[in-house]
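**Student:** Structure: input_10.txt, compact mmCIF, C-alpha atoms.
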```txt
# COMPACT_ATOMS: atom_id res chain seq x y z
CA MET A 5 59.01 126.99 117.69
CA THR A 6 62.29 126.43 115.89
CA PHE A 7 62.77 123.55 113.49
CA ALA A 8 65.85 121.36 113.30
CA THR A 9 68.23 121.87 110.42
CA LEU A 10 68.91 119.13 107.92
CA ALA A 11 72.35 118.56 109.43
CA GLU A 12 70.84 118.10 112.90
CA ILE A 13 68.26 115.67 111.54
CA LYS A 14 70.97 113.70 109.73
CA LYS A 15 73.05 113.47 112.90
CA GLU A 16 70.06 112.29 114.93
CA LEU A 17 69.04 109.71 112.31
CA GLN A 18 72.50 108.15 112.47
CA GLN A 19 71.91 107.38 116.14
CA VAL A 20 68.43 105.86 115.69
CA ASP A 21 68.00 102.08 115.46
CA ALA A 22 66.49 100.43 112.36
CA ASP A 23 63.03 99.73 113.87
CA LEU A 24 62.52 103.32 114.93
CA LEU A 25 63.80 104.54 111.58
CA GLN A 26 61.26 102.35 109.79
CA THR A 27 58.48 103.69 112.01
CA LEU A 28 59.53 107.28 111.34
CA CYS A 29 59.62 106.72 107.57
CA LEU A 30 56.18 105.13 107.54
CA ARG A 31 54.77 107.92 109.65
CA LEU A 32 56.28 110.50 107.32
CA ALA A 33 54.87 108.72 104.24
CA LYS A 34 51.42 108.55 105.81
CA TYR A 35 50.86 112.30 105.90
CA LYS A 36 51.66 113.47 102.42
CA LYS A 37 51.20 111.90 99.01
CA GLU A 38 54.48 113.32 97.70
CA ASN A 39 56.40 111.78 100.61
CA LYS A 40 54.87 108.41 99.81
CA GLU A 41 55.67 108.77 96.11
CA LEU A 42 59.27 109.77 96.86
CA LEU A 43 59.74 106.90 99.27
CA GLY A 44 58.27 104.51 96.69
CA TYR A 45 60.64 105.86 94.05
CA LEU A 46 63.66 105.52 96.34
CA LEU A 47 62.79 101.98 97.38
CA PHE A 48 61.50 100.48 94.13
CA GLU A 49 62.27 102.63 91.09
CA SER A 50 65.65 104.32 91.67
CA GLN A 51 67.59 101.15 90.79
CA ASN A 52 65.91 100.92 87.37
CA GLU A 53 65.74 104.44 85.97
CA PRO A 54 64.72 103.45 82.38
CA SER A 55 61.70 101.60 83.74
CA TYR A 56 60.77 104.64 85.84
CA ILE A 57 61.02 106.92 82.81
CA ARG A 58 58.90 104.54 80.73
CA GLN A 59 56.23 104.40 83.44
CA ILE A 60 56.04 108.21 83.70
CA LYS A 61 55.84 108.50 79.90
CA GLU A 62 52.91 106.08 79.88
CA ASP A 63 51.14 108.19 82.51
CA ILE A 64 51.79 111.32 80.44
CA ASP A 65 50.33 109.53 77.39
CA LEU A 66 47.16 108.74 79.32
CA GLN A 67 46.82 112.34 80.44
CA PHE A 68 47.32 113.62 76.89
CA GLU A 69 44.56 111.29 75.67
CA GLU A 70 42.13 113.33 77.76
CA LEU A 71 43.09 116.51 75.87
CA LYS A 72 41.38 115.46 72.63
CA ASP A 73 38.34 117.46 71.57
CA ARG A 74 38.63 120.00 74.39
CA ASN A 75 38.40 123.75 74.16
CA LEU A 76 41.54 125.84 74.56
CA TYR A 77 40.74 126.91 78.13
CA ILE A 78 40.48 123.30 79.32
CA VAL A 79 43.57 122.32 77.30
CA LYS A 80 45.54 125.09 79.02
CA LYS A 81 44.49 123.91 82.48
CA MET A 82 45.17 120.26 81.66
CA LEU A 83 48.60 121.03 80.20
CA ARG A 84 49.56 122.80 83.41
CA LYS A 85 48.33 119.77 85.37
CA ILE A 86 50.39 117.40 83.21
CA LEU A 87 53.43 119.63 83.62
CA ARG A 88 53.01 119.71 87.41
CA TYR A 89 52.83 115.91 87.39
CA THR A 90 55.94 115.70 85.22
CA ASN A 91 57.88 118.18 87.35
CA ARG A 92 56.98 116.31 90.53
CA HIS A 93 58.37 113.07 89.15
CA ILE A 94 61.45 114.80 87.74
CA LYS A 95 62.13 116.15 91.21
CA TYR A 96 62.31 112.63 92.68
CA SER A 97 65.13 111.59 90.38
CA THR A 98 68.55 113.17 90.69
CA HIS A 99 69.61 112.22 87.14
CA ASP A 100 69.82 114.98 84.54
CA GLU A 101 69.07 112.42 81.82
CA THR A 102 65.71 111.61 83.43
CA ASP A 103 64.93 115.32 83.62
CA LEU A 104 65.77 115.76 79.94
CA GLU A 105 63.92 112.66 78.78
CA LEU A 106 60.69 113.65 80.51
CA ARG A 107 60.80 117.34 79.52
CA ILE A 108 61.57 116.49 75.89
CA TYR A 109 58.79 113.91 75.90
CA PHE A 110 56.33 116.47 77.27
CA CYS A 111 57.27 118.92 74.50
CA GLU A 112 56.99 116.18 71.87
CA LYS A 113 53.50 115.34 73.08
CA VAL A 114 52.48 119.01 72.98
CA LYS A 115 53.74 119.24 69.37
CA ALA A 116 52.02 115.96 68.42
CA ALA A 117 48.73 117.14 69.92
CA LYS A 118 48.89 120.18 67.60
CA ILE A 119 48.03 122.58 70.38
CA PRO A 120 48.03 126.16 69.03
CA LEU A 121 50.81 127.62 71.18
CA ALA A 122 50.95 130.95 69.35
CA THR A 123 47.32 131.84 70.08
CA THR A 124 47.76 132.38 73.80
CA ALA A 125 50.72 133.85 75.63
CA THR A 126 50.25 131.44 78.54
CA LEU A 127 50.73 128.33 76.41
CA PHE A 128 53.58 129.90 74.48
CA ASN A 129 55.38 130.87 77.70
CA LEU A 130 54.78 127.43 79.22
CA TYR A 131 56.34 125.75 76.20
CA GLN A 132 59.23 128.21 75.97
CA GLY A 133 59.92 127.71 79.67
CA GLN A 134 60.32 123.98 79.07
CA LEU A 135 62.66 124.63 76.13
CA ASN A 136 64.75 126.96 78.30
CA LYS A 137 64.99 124.33 81.04
CA ILE A 138 65.97 121.69 78.49
CA ASN A 139 68.70 123.90 77.05
CA ALA A 140 70.01 124.73 80.53
CA ILE A 141 70.25 121.05 81.44
CA VAL A 142 71.86 120.09 78.14
CA SER A 143 74.53 122.75 78.57
CA LYS A 144 75.63 121.04 81.82
CA LEU A 145 76.02 117.62 80.18
CA PRO A 146 79.20 116.24 78.60
CA GLU A 147 79.62 116.83 74.85
CA ASP A 148 78.80 113.26 73.82
CA LEU A 149 75.47 113.35 75.64
CA GLN A 150 74.71 116.81 74.24
CA SER A 151 75.01 115.44 70.72
CA ASP A 152 72.70 112.53 71.62
CA TYR A 153 69.94 114.95 72.60
CA ALA A 154 70.57 117.51 69.82
CA ARG A 155 68.22 115.85 67.30
CA ALA A 156 65.34 115.56 69.78
CA ILE A 157 65.76 119.18 70.84
CA ALA A 158 65.84 120.35 67.22
CA ALA A 159 62.57 118.51 66.58
CA ILE A 160 60.73 120.28 69.39
CA SER A 161 62.19 123.76 68.88
```
Please lay out the structure from this file as structure tokens.

**Tutor:**
Amino acid sequence: MTFATLAEIKKELQQVDADLLQTLCLRLAKYKKENKELLGYLLFESQNEPSYIRQIKEDIDLQFEELKDRNLYIVKKMLRKILRYTNRHIKYSTHDETDLELRIYFCEKVKAAKIPLATTATLFNLYQGQLNKINAIVSKLPEDLQSDYARAIAAIS
């Protein structure tokens, strides 16, 4: 079985009436949690990006609260879980600023939690990977925005 390309799907969707399009979207959202989250973001959150960022930060805070008084093995697993959650929500937004805000916030929370990154290579590599992604995104931004994020990046490096 061959699947339609994105261009073919786009062309077909332009010919579909609004009722059928609504039915297709609801059916798509029904089968996967990520589809439902993305559709929710596009419909409700994409117009107010600062509110979306604030909501994700609050969720990250709640997840970091669970890290307290845990052994390093559990902390490592939970950090990866928090990072997966963060990456999933970064993926929904197309704004580089949202990406930066959430990655920097994740790194700030790791620093604030005083997690011993140097003791295990996995945690060190996870953190360094986030720093590399942050630096890559910042390099694409205009100079004035780069200077805005310079202090936050210096604090987490």

**Student:** I'd like the neighbourhood of range 124-137 of chain A as a ChimeraX atom specification, where a residue qualifies if any of its atoms comes within 9 Å (using all atoms listed in the file), though same-chain residues fewer than 6 positions away should be ignored.

**Tutor:** /A:80,83-84,104,107-108,110-111,114,157,160-161

**Student:** What separation in Å, quoted to one decimal, exists between CA of Lys95 in chain A and CA of Asn39 in chain A?

**Tutor:**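 Going from CA of Lys95 in chain A over to CA of Asn39 in chain A, I get 11.8 Å.
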
**Student:** Please return the centre and edge lengths, in Å to one decimal, of a box with edges along x, y and z that contains all listed atoms of range 144-152 of chain A, widened by 5 Å on every side, as lines of an AutoDock Vina configuration file.

**Tutor:**
```
center_x = 76.2
center_y = 116.8
center_z = 76.3
size_x = 16.9
size_y = 18.5
size_z = 21.1
```

**Student:** For the atom pair CA of Glu38 in chain A and CA of Tyr89 in chain A, what is the interatomic distance in Å to one decimal place?

**Tutor:**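 According to the coordinates, CA of Glu38 in chain A and CA of Tyr89 in chain A are separated by 10.8 Å.
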
**Student:** At what distance in Å, to one decimal, does CA of Lys113 in chain A lie from CA of Ala156 in chain A?

**Tutor:** 12.3 Å

**Student:** Which neighbours of Gln67 in chain A fall inside 12 Å, counting all atoms listed in the file, when residues of the same chain fewer than 4 positions from it are skipped, and could you give them as a list in words?

**Tutor:**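 Listed by chain and then number, they are Ile60, Lys61, Glu62, Asp63, Leu71, Lys72, Val79, Lys81, Met82, Leu83, Arg84, Lys85, Ile86, Leu87, Arg88, Tyr89, Thr90, Phe110, Lys113, Val114 and Ala117 of chain A.
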
**Student:** Out of A:Ala122, A:Ile78, A:Leu30, A:Val142, which residue has the shortest atom-to-atom distance to Asp103 in chain A when counting all atoms listed in the file?

**Tutor:**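 Using all atoms listed in the file, Asp103 in chain A sits closest to A:Val142.
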
**Student:** Nearest to Leu149 in chain A: which of A:Pro54, A:Ala22, A:Glu105, A:Lys115 is it, counting all atoms listed in the file?

**Tutor:** A:Glu105

**Student:** Could you tell me which of A:His93, A:Lys118, A:Lys144, A:Arg58 comes closest to Leu46 in chain A if we count only C-alpha atoms?

**Tutor:**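 Nearest candidate to Leu46 in chain A out of A:His93, A:Lys118, A:Lys144, A:Arg58: A:His93.
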
**Student:** May I ask which of the residues A:Leu43, A:Ala11, A:Ile138, A:Ile94 is the closest one to Gln26 in chain A, counting all atoms listed in the file?

**Tutor:** A:Leu43
